[in-house]
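Structure, as structure tokens:
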Amino acid sequence: MAPGTVTLVGGLTDRKPLYEYAGGVAIVVGLLNLALTYARSHAKDKHADERQSPFDYAACLYTMHAALLAHKGLAYTEENRKKLRVTIHRVEGADKVIQLVDYVGGEGGGAGRAFSSRSGLVGRAITSHKPTIMDRNGTYDEYIAALRSEYHMPEDEAKRVATDRYSYMATPIKTGTRVIGVVYLDSSERGFFDASTADVAVTACAAVAQYANFRYRQH
């Protein structure tokens, strides 16, 4: 595999303070607070079985999706919406994650798909407890080879990876010290998850984690 096929972006701790991106953070925090406020009030009026639905998480992801596009200066048009996909996975036991909702922002595999929790970007985010970002610089085949050799992704999973994505991010969702899920994002734009965009995404995921903690306290 040629050097530079994929680039694993370093941790976020050496970046500028989050307050220097106040505009993007204000957008995402404001929108997510609105979505979470609605989700909380809506959940109180639902029956127990309805509160188990993943669609309240989908509402958070739609908000995050719109906020990230706005942060990149992209109007919320059909064309631009397809440039970013977002979904969320729930950790199941010690070795599996389940995709809870269809992708927000694009087509591809949908809710209910199962993956290994020990491989790929999602697995790396789970084991490291930190956001993981990667950019594809080479060919698609080289990228698949990297997923298999460097991220230990099974061949059948690697073959399901979308061909039109070039920038990837996975962020763990935690309750206390335990990772209970992962928000996965990918983009057709090269270098989409630059420093400021990644920080806004992490802030948005922190709001999703806040909602997850609230939700589990209700059951």
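Every chain in the structure tokens takes a letter, A first, then B, and so on in the order presented; its residues are numbered from 1, and the ligands are numbered from 1 following the presented order.
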Taking the chain letters and numbering used in this document, name the residues of region 93-214 of chain A that DSSP puts in helix (DSSP H, G or I), as a PyMOL selection string.
chain A and resi 120-128+140-150+155-158+195-214
Selection from above, C-alpha atoms, as an mmCIF file, in the first residue's frame, can you write it?
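Final file, out_8.cif:
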```cif
data_model
loop_
_atom_site.group_PDB
_atom_site.id
_atom_site.type_symbol
_atom_site.label_atom_id
_atom_site.label_comp_id
_atom_site.auth_asym_id
_atom_site.auth_seq_id
_atom_site.Cartn_x
_atom_site.Cartn_y
_atom_site.Cartn_z
ATOM 1 C CA GLY A 120 -12.587 0.290 12.004
ATOM 2 C CA LEU A 121 -12.866 3.906 13.099
ATOM 3 C CA VAL A 122 -15.824 3.079 15.325
ATOM 4 C CA GLY A 123 -13.805 0.415 17.108
ATOM 5 C CA ARG A 124 -10.859 2.778 17.500
ATOM 6 C CA ALA A 125 -13.109 5.418 19.073
ATOM 7 C CA ILE A 126 -14.505 2.820 21.497
ATOM 8 C CA THR A 127 -11.155 1.410 22.599
ATOM 9 C CA SER A 128 -9.395 4.781 22.839
ATOM 10 C CA TYR A 140 -10.484 3.289 -2.778
ATOM 11 C CA ASP A 141 -8.748 -0.104 -2.914
ATOM 12 C CA GLU A 142 -5.824 1.289 -0.905
ATOM 13 C CA TYR A 143 -8.262 2.657 1.638
ATOM 14 C CA ILE A 144 -9.970 -0.725 2.010
ATOM 15 C CA ALA A 145 -6.572 -2.371 2.423
ATOM 16 C CA ALA A 146 -5.732 0.134 5.167
ATOM 17 C CA LEU A 147 -9.000 -0.576 6.977
ATOM 18 C CA ARG A 148 -8.209 -4.268 6.973
ATOM 19 C CA SER A 149 -4.519 -4.041 7.919
ATOM 20 C CA GLU A 150 -4.406 -1.001 10.210
ATOM 21 C CA GLU A 155 -13.321 -8.167 4.819
ATOM 22 C CA ASP A 156 -17.121 -8.311 4.580
ATOM 23 C CA GLU A 157 -17.438 -5.054 6.535
ATOM 24 C CA ALA A 158 -14.703 -3.326 4.540
ATOM 25 C CA ALA A 195 -9.675 21.434 13.419
ATOM 26 C CA SER A 196 -12.606 23.798 13.979
ATOM 27 C CA THR A 197 -15.200 21.484 12.391
ATOM 28 C CA ALA A 198 -13.972 18.547 14.458
ATOM 29 C CA ASP A 199 -14.232 20.614 17.633
ATOM 30 C CA VAL A 200 -17.800 21.637 16.815
ATOM 31 C CA ALA A 201 -18.648 17.979 16.115
ATOM 32 C CA VAL A 202 -17.176 16.937 19.470
ATOM 33 C CA THR A 203 -19.226 19.644 21.210
ATOM 34 C CA ALA A 204 -22.360 18.393 19.458
ATOM 35 C CA CYS A 205 -21.595 14.808 20.483
ATOM 36 C CA ALA A 206 -21.196 15.974 24.078
ATOM 37 C CA ALA A 207 -24.773 17.263 23.856
ATOM 38 C CA VAL A 208 -25.902 13.871 22.499
ATOM 39 C CA ALA A 209 -24.137 12.231 25.452
ATOM 40 C CA GLN A 210 -25.961 14.604 27.784
ATOM 41 C CA TYR A 211 -29.242 13.485 26.265
ATOM 42 C CA ALA A 212 -28.211 9.823 26.524
ATOM 43 C CA ASN A 213 -27.539 10.281 30.236
ATOM 44 C CA PHE A 214 -30.922 11.974 30.647
#
```
**Study point:** Long-range neighbours of region 93-97 of chain A as a list of chain:residue names, 9 Å cut-off, only C-alpha atoms, 3 positions minimum in chain
**Key:**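 Surrounding residues, per the criterion: A:His89, A:Arg90, A:Arg113, A:Ala114, A:Phe115, A:Ser116, A:Ser117, A:Arg118, A:Val122, A:Gly123, A:Gly181, A:Val182.
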For this session: For each of A:Leu61, A:Ala162, A:Ala70, A:Met153, take the minimum atom-to-atom distance to Gly109 (chain A), counting only C-alpha atoms, then give the residue where this is smallest.
Result: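 Of A:Leu61, A:Ala162, A:Ala70, A:Met153, the one nearest Gly109 (chain A) is A:Ala162, counting only C-alpha atoms.
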Just want the 7 Å neighbourhood of Pro131 (chain A), counted on only C-alpha atoms, with same-chain residues fewer than 4 positions away dropped. Output as an MDAnalysis selection string. chainID A and resid 125 170:172
### Shell of 6 Å around Ile180 (chain A), only C-alpha atoms, local chain residues under 2 positions omitted, as an NGL selection string
:A and (91 or 173-174)
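Here the question is which of A:Leu100, A:Arg165, A:His152, A:Ile88 gets nearest to Thr139 (chain A) using only C-alpha atoms, and that residue is A:Arg165.
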* Asked: With distances taken over only C-alpha atoms, which of A:Leu68, A:Cys60, A:Val104, A:Met134 is nearest to Lys82 (chain A)?
  ->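 When distances to Lys82 (chain A) are compared using only C-alpha atoms, the smallest one comes from A:Val104.
Between CA of Ala66 (chain A) and CA of Gly112 (chain A) the interatomic distance comes to 23.8 Å.
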Query raised in the report: To one decimal place, how far is CA of Pro154 (chain A) from CA of Ser119 (chain A) in Å?
Result: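 One can read the CA of Pro154 (chain A) to CA of Ser119 (chain A) distance as 7.7 Å.
One finds CA of Met169 (chain A) at 5.9 Å from CA of Tyr184 (chain A).
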With distances taken over only C-alpha atoms, the candidate from A:Val183, A:Lys83, A:Thr177, A:Met64 nearest Glu107 (chain A) is A:Lys83
Do a neighbour search on His65 (chain A) at 8 Å with only C-alpha atoms, toss out local chain neighbours closer than 6 positions, and write the hits as a PDB file with C-alpha atoms, in the first residue's frame.
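The resulting file, out.pdb, is shown below:
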```
ATOM      1  CA  LEU A  84     -22.136  14.864   4.995  1.00  0.00           C
ATOM      2  CA  ARG A  85     -23.598  11.701   6.507  1.00  0.00           C
ATOM      3  CA  VAL A  86     -24.182  11.128  10.217  1.00  0.00           C
ATOM      4  CA  VAL A 104     -28.786  11.515   8.019  1.00  0.00           C
ATOM      5  CA  GLY A 105     -27.656  13.231   4.840  1.00  0.00           C
TER       6      GLY A 105
END
```
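Among the candidates A:Thr163, A:Thr87, A:Thr132, A:Thr175, the one nearest to Ala59 (chain A) when counting only C-alpha atoms is A:Thr87.
Backbone DSSP assigns strand (DSSP E) in region 27-174 of chain A to Leu84, Arg85, Val86, Thr87, Ile88, His89, Arg90, Val91, Glu92, Lys96, Val97, Ile98, Gln99, Ala114, Phe115, Ser116, Thr132, Ile133, Met134, Asp135, Arg136, Ser167, Tyr168, Met169, Ala170, Thr171, Pro172, Ile173 and Lys174 of chain A.
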